[in-house]
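K.L.:
Here you go, this is final_19.txt (compact mmCIF, N, CA and C atoms).
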```
# COMPACT_ATOMS: atom_id res chain seq x y z
N MET S 1 -8.94 -40.91 66.95
CA MET S 1 -9.07 -40.93 68.39
C MET S 1 -10.33 -41.71 68.73
N LYS S 2 -10.28 -42.41 69.86
CA LYS S 2 -11.42 -43.20 70.28
C LYS S 2 -11.82 -42.79 71.69
N ALA S 3 -13.12 -42.73 71.94
CA ALA S 3 -13.63 -42.47 73.28
C ALA S 3 -14.20 -43.78 73.83
N ARG S 4 -13.76 -44.15 75.03
CA ARG S 4 -14.30 -45.31 75.74
C ARG S 4 -15.16 -44.79 76.87
N ILE S 5 -16.47 -44.99 76.72
CA ILE S 5 -17.44 -44.37 77.62
C ILE S 5 -18.09 -45.44 78.50
N LYS S 6 -18.14 -45.18 79.82
CA LYS S 6 -18.82 -46.06 80.77
C LYS S 6 -19.98 -45.29 81.39
N ILE S 7 -21.15 -45.89 81.36
CA ILE S 7 -22.35 -45.27 81.93
C ILE S 7 -22.89 -46.22 82.99
N THR S 8 -23.10 -45.68 84.20
CA THR S 8 -23.59 -46.49 85.31
C THR S 8 -24.73 -45.76 86.01
N LEU S 9 -25.55 -46.55 86.69
CA LEU S 9 -26.64 -45.95 87.47
C LEU S 9 -26.06 -45.24 88.69
N LYS S 10 -26.67 -44.13 89.07
CA LYS S 10 -26.26 -43.43 90.27
C LYS S 10 -26.57 -44.28 91.49
N ASN S 11 -25.80 -44.07 92.56
CA ASN S 11 -26.06 -44.76 93.81
C ASN S 11 -27.48 -44.44 94.27
N GLY S 12 -28.17 -45.45 94.76
CA GLY S 12 -29.54 -45.26 95.24
C GLY S 12 -30.61 -45.54 94.20
N VAL S 13 -30.22 -45.62 92.93
CA VAL S 13 -31.18 -45.93 91.87
C VAL S 13 -31.32 -47.45 91.79
N LEU S 14 -32.56 -47.94 91.80
CA LEU S 14 -32.79 -49.37 91.72
C LEU S 14 -32.27 -49.91 90.39
N ASP S 15 -31.71 -51.12 90.45
CA ASP S 15 -31.10 -51.74 89.28
C ASP S 15 -31.69 -53.15 89.10
N PRO S 16 -32.88 -53.27 88.47
CA PRO S 16 -33.48 -54.59 88.31
C PRO S 16 -32.65 -55.56 87.48
N GLN S 17 -31.92 -55.06 86.47
CA GLN S 17 -31.06 -55.95 85.69
C GLN S 17 -29.90 -56.46 86.54
N GLY S 18 -29.35 -55.61 87.36
CA GLY S 18 -28.29 -56.03 88.27
C GLY S 18 -28.79 -57.10 89.23
N LYS S 19 -30.02 -56.92 89.74
CA LYS S 19 -30.62 -57.92 90.63
C LYS S 19 -30.80 -59.25 89.91
N ALA S 20 -31.27 -59.21 88.67
CA ALA S 20 -31.46 -60.44 87.89
C ALA S 20 -30.14 -61.15 87.67
N ILE S 21 -29.09 -60.39 87.37
CA ILE S 21 -27.77 -60.99 87.20
C ILE S 21 -27.30 -61.61 88.51
N HIS S 22 -27.52 -60.91 89.61
CA HIS S 22 -27.12 -61.42 90.93
C HIS S 22 -27.83 -62.74 91.24
N HIS S 23 -29.12 -62.80 90.96
CA HIS S 23 -29.88 -64.04 91.19
C HIS S 23 -29.33 -65.17 90.30
N ALA S 24 -28.98 -64.86 89.07
CA ALA S 24 -28.43 -65.88 88.17
C ALA S 24 -27.07 -66.39 88.68
N ILE S 25 -26.26 -65.49 89.20
CA ILE S 25 -24.98 -65.89 89.77
C ILE S 25 -25.20 -66.82 90.96
N ASP S 26 -26.17 -66.46 91.82
CA ASP S 26 -26.52 -67.33 92.95
C ASP S 26 -26.96 -68.70 92.46
N ALA S 27 -27.78 -68.72 91.39
CA ALA S 27 -28.29 -69.98 90.86
C ALA S 27 -27.16 -70.86 90.31
N LEU S 28 -26.09 -70.24 89.85
CA LEU S 28 -24.93 -70.98 89.37
C LEU S 28 -24.10 -71.56 90.53
N GLY S 29 -24.42 -71.11 91.74
CA GLY S 29 -23.70 -71.60 92.91
C GLY S 29 -22.36 -70.93 93.12
N ILE S 30 -22.19 -69.74 92.59
CA ILE S 30 -20.93 -69.01 92.75
C ILE S 30 -21.02 -68.19 94.03
N PRO S 31 -20.17 -68.49 95.01
CA PRO S 31 -20.27 -67.80 96.30
C PRO S 31 -19.54 -66.45 96.31
N GLY S 32 -19.86 -65.63 97.30
CA GLY S 32 -19.08 -64.42 97.57
C GLY S 32 -19.47 -63.19 96.80
N VAL S 33 -20.58 -63.22 96.09
CA VAL S 33 -21.02 -62.03 95.35
C VAL S 33 -22.09 -61.33 96.18
N ASP S 34 -21.79 -60.12 96.64
CA ASP S 34 -22.71 -59.38 97.50
C ASP S 34 -23.73 -58.56 96.73
N ASP S 35 -23.31 -57.99 95.61
CA ASP S 35 -24.20 -57.11 94.87
C ASP S 35 -23.70 -57.02 93.43
N VAL S 36 -24.61 -56.72 92.51
CA VAL S 36 -24.26 -56.54 91.10
C VAL S 36 -24.95 -55.27 90.61
N ARG S 37 -24.20 -54.41 89.97
CA ARG S 37 -24.74 -53.22 89.30
C ARG S 37 -24.31 -53.33 87.84
N GLN S 38 -25.23 -53.12 86.93
CA GLN S 38 -24.89 -53.20 85.52
C GLN S 38 -24.88 -51.80 84.91
N GLY S 39 -24.22 -51.70 83.76
CA GLY S 39 -24.14 -50.41 83.09
C GLY S 39 -23.95 -50.62 81.60
N LYS S 40 -23.47 -49.57 80.94
CA LYS S 40 -23.25 -49.62 79.50
C LYS S 40 -21.80 -49.22 79.20
N TYR S 41 -21.25 -49.83 78.18
CA TYR S 41 -19.91 -49.48 77.69
C TYR S 41 -20.06 -49.17 76.21
N ILE S 42 -19.59 -48.01 75.81
CA ILE S 42 -19.74 -47.56 74.43
C ILE S 42 -18.38 -47.06 73.92
N GLU S 43 -17.99 -47.48 72.73
CA GLU S 43 -16.80 -46.95 72.08
C GLU S 43 -17.24 -46.10 70.89
N VAL S 44 -16.65 -44.92 70.80
CA VAL S 44 -16.97 -44.00 69.70
C VAL S 44 -15.65 -43.62 69.02
N ALA S 45 -15.57 -43.88 67.72
CA ALA S 45 -14.40 -43.46 66.94
C ALA S 45 -14.63 -42.02 66.49
N LEU S 46 -13.70 -41.16 66.86
CA LEU S 46 -13.81 -39.74 66.54
C LEU S 46 -12.80 -39.36 65.47
N ASN S 47 -13.24 -38.63 64.49
CA ASN S 47 -12.35 -38.10 63.46
C ASN S 47 -11.89 -36.71 63.91
N GLU S 48 -11.16 -36.69 65.03
CA GLU S 48 -10.73 -35.44 65.64
C GLU S 48 -9.34 -35.65 66.22
N THR S 49 -8.43 -34.72 65.96
CA THR S 49 -7.09 -34.82 66.52
C THR S 49 -6.88 -33.88 67.70
N ASP S 50 -7.71 -32.88 67.83
CA ASP S 50 -7.61 -31.92 68.93
C ASP S 50 -8.33 -32.50 70.16
N GLU S 51 -7.57 -32.74 71.23
CA GLU S 51 -8.14 -33.38 72.42
C GLU S 51 -9.23 -32.53 73.06
N THR S 52 -9.08 -31.23 73.07
CA THR S 52 -10.09 -30.35 73.66
C THR S 52 -11.41 -30.45 72.91
N LYS S 53 -11.34 -30.47 71.58
CA LYS S 53 -12.55 -30.60 70.77
C LYS S 53 -13.17 -31.98 70.94
N ALA S 54 -12.33 -33.01 71.02
CA ALA S 54 -12.84 -34.37 71.22
C ALA S 54 -13.57 -34.47 72.56
N LYS S 55 -12.98 -33.92 73.61
CA LYS S 55 -13.62 -33.95 74.93
C LYS S 55 -14.97 -33.23 74.89
N ALA S 56 -15.01 -32.10 74.24
CA ALA S 56 -16.27 -31.35 74.14
C ALA S 56 -17.33 -32.16 73.41
N ALA S 57 -16.94 -32.85 72.35
CA ALA S 57 -17.89 -33.66 71.59
C ALA S 57 -18.41 -34.82 72.44
N VAL S 58 -17.50 -35.49 73.16
CA VAL S 58 -17.91 -36.63 73.99
C VAL S 58 -18.80 -36.16 75.14
N GLU S 59 -18.45 -35.05 75.76
CA GLU S 59 -19.29 -34.50 76.83
C GLU S 59 -20.71 -34.24 76.32
N ARG S 60 -20.80 -33.64 75.15
CA ARG S 60 -22.13 -33.34 74.59
C ARG S 60 -22.90 -34.61 74.29
N MET S 61 -22.22 -35.61 73.68
CA MET S 61 -22.88 -36.90 73.40
C MET S 61 -23.43 -37.52 74.67
N CYS S 62 -22.60 -37.53 75.70
CA CYS S 62 -23.01 -38.17 76.96
C CYS S 62 -24.18 -37.44 77.60
N ARG S 63 -24.07 -36.13 77.71
CA ARG S 63 -25.10 -35.34 78.39
C ARG S 63 -26.43 -35.28 77.61
N GLU S 64 -26.35 -35.21 76.29
CA GLU S 64 -27.57 -35.00 75.51
C GLU S 64 -28.16 -36.27 74.90
N LEU S 65 -27.39 -37.37 74.87
CA LEU S 65 -27.88 -38.56 74.20
C LEU S 65 -27.64 -39.86 74.95
N LEU S 66 -26.40 -40.12 75.33
CA LEU S 66 -26.04 -41.45 75.80
C LEU S 66 -26.45 -41.73 77.25
N ALA S 67 -26.36 -40.75 78.12
CA ALA S 67 -26.68 -40.95 79.54
C ALA S 67 -27.93 -40.19 79.92
N ASN S 68 -28.74 -40.82 80.76
CA ASN S 68 -29.88 -40.14 81.36
C ASN S 68 -29.35 -39.47 82.63
N MET S 69 -29.13 -38.17 82.57
CA MET S 69 -28.45 -37.46 83.64
C MET S 69 -29.21 -37.48 84.97
N VAL S 70 -30.48 -37.81 84.94
CA VAL S 70 -31.26 -37.88 86.17
C VAL S 70 -30.85 -39.11 86.98
N ILE S 71 -30.60 -40.24 86.31
CA ILE S 71 -30.35 -41.49 87.04
C ILE S 71 -29.00 -42.12 86.75
N GLU S 72 -28.22 -41.55 85.81
CA GLU S 72 -26.96 -42.18 85.41
C GLU S 72 -25.77 -41.22 85.54
N ASN S 73 -24.62 -41.80 85.80
CA ASN S 73 -23.33 -41.11 85.75
C ASN S 73 -22.57 -41.64 84.54
N TYR S 74 -21.60 -40.87 84.08
CA TYR S 74 -20.75 -41.36 83.00
C TYR S 74 -19.31 -40.96 83.26
N SER S 75 -18.42 -41.73 82.68
CA SER S 75 -17.00 -41.39 82.66
C SER S 75 -16.47 -41.86 81.32
N TYR S 76 -15.34 -41.30 80.91
CA TYR S 76 -14.78 -41.71 79.62
C TYR S 76 -13.29 -41.47 79.62
N GLU S 77 -12.64 -42.12 78.69
CA GLU S 77 -11.23 -41.87 78.43
C GLU S 77 -11.05 -41.75 76.92
N LEU S 78 -10.13 -40.91 76.52
CA LEU S 78 -9.79 -40.77 75.12
C LEU S 78 -8.48 -41.50 74.87
N VAL S 79 -8.45 -42.30 73.81
CA VAL S 79 -7.23 -43.01 73.43
C VAL S 79 -6.94 -42.76 71.96
N ARG S 80 -5.68 -42.73 71.64
CA ARG S 80 -5.28 -42.49 70.25
C ARG S 80 -5.09 -43.79 69.53
```
For the structure just supplied, provide its representation as structure tokens.
P.N.:
Amino acid sequence: MKARIKITLKNGVLDPQGKAIHHAIDALGIPGVDDVRQGKYIEVALNETDETKAKAAVERMCRELLANMVIENYSYELVR
């Protein structure tokens, strides 16, 4: 089983990397981009067949290691 995890900054949290990307897009002359927010994408291969146990493991990874719960949100999907 694989977990596909997306971690993003919470609304209202400043995103200097997103701003830098936005400025670079402007410098390329690409029109119509109002804002850019960046995040992280992580894939974790789990040696688990029980979906409930896999969800519990991913939740723990996200809350205790992968995401800074003060400034970040996370979401994930499990795929076989």
K.L.:
Run DSSP on the backbone and tell me which residues of chain S come out as alpha helix (DSSP H); list them as a PyMOL selection string.
P.N.:
chain S and resi 16-27+51-61
K.L.:
With a distance cut-off of 6.5 Å and all atoms listed in the file, select the neighbouring residues of Tyr76 of chain S, excluding the residue or stretch itself and same-chain residues fewer than 6 positions from it, and output the selection as a tab-separated table (two decimals) with N, CA and C atoms, in the frame of the given file.
P.N.:
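around.tsv was written with the following content:
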```
chain	number	residue	atom	x	y	z
S	3	ALA	N	-13.12	-42.73	71.94
S	3	ALA	CA	-13.63	-42.47	73.28
S	3	ALA	C	-14.20	-43.78	73.83
S	4	ARG	N	-13.76	-44.15	75.03
S	4	ARG	CA	-14.30	-45.31	75.74
S	4	ARG	C	-15.16	-44.79	76.87
S	5	ILE	N	-16.47	-44.99	76.72
S	5	ILE	CA	-17.44	-44.37	77.62
S	5	ILE	C	-18.09	-45.44	78.50
S	6	LYS	N	-18.14	-45.18	79.82
S	6	LYS	CA	-18.82	-46.06	80.77
S	6	LYS	C	-19.98	-45.29	81.39
```
K.L.:
Using only C-alpha atoms, determine which residues lie at most 10 Å from segment 57-69 of chain S, disregarding the query and same-chain residues fewer than 5 positions distant; provide the list as a PyMOL selection string.
P.N.:
chain S and resi 2-10+40+42+44+46+48+51-52+74-78
K.L.:
Please, what distance in Å, to one decimal, runs between atom CA of Val70 of chain S and atom CA of Ala54 of chain S?
P.N.:
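Here the two named atoms are 24.0 Å from each other.
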K.L.:
Taking 5 positions as the minimum chain separation for residues in the same chain, which residues sit within 5 Å of segment 13-24 of chain S when counting all atoms listed in the file? Answer as a PDB file with N, CA and C atoms, in the coordinates of the input.
P.N.:
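Printed below is out-v2.pdb as written:
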```pdb
ATOM      1  N   VAL S  36     -24.610 -56.720  92.510  1.00  0.00           N
ATOM      2  CA  VAL S  36     -24.260 -56.540  91.100  1.00  0.00           C
ATOM      3  C   VAL S  36     -24.950 -55.270  90.610  1.00  0.00           C
ATOM      4  N   ARG S  37     -24.200 -54.410  89.970  1.00  0.00           N
ATOM      5  CA  ARG S  37     -24.740 -53.220  89.300  1.00  0.00           C
ATOM      6  C   ARG S  37     -24.310 -53.330  87.840  1.00  0.00           C
ATOM      7  N   GLN S  38     -25.230 -53.120  86.930  1.00  0.00           N
ATOM      8  CA  GLN S  38     -24.890 -53.200  85.520  1.00  0.00           C
ATOM      9  C   GLN S  38     -24.880 -51.800  84.910  1.00  0.00           C
TER      10      GLN S  38
END
```
K.L.:
Using only C-alpha atoms, pick whichever of S:Ile25, S:Ala45, S:Gly39, S:Ala56 has the shortest atom-to-atom distance to Ile71 of chain S.
P.N.:
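Selected residue with least distance to Ile71 of chain S: S:Gly39.
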K.L.:
Could you write out, as a list of chain:residue names, all the residues of chain S that DSSP marks as strand (DSSP E)?
P.N.:
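Of chain S, only S:Lys2, S:Ala3, S:Arg4, S:Ile5, S:Lys6, S:Ile7, S:Thr8, S:Leu9, S:Gly39, S:Lys40, S:Tyr41, S:Ile42, S:Glu43, S:Val44, S:Ala45, S:Glu72, S:Asn73, S:Tyr74, S:Ser75, S:Tyr76, S:Glu77, S:Leu78, S:Val79 fall in strand (DSSP E).
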K.L.:
Report the distance between atom CA of Asn73 of chain S and atom CA of Pro31 of chain S in Å, rounded to one decimal place.
P.N.:
28.9 Å
K.L.:
Could you check how far atom N of Met1 of chain S sits from atom N of Lys55 of chain S, in Å to one decimal?
P.N.:
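A separation of 10.5 Å between them.
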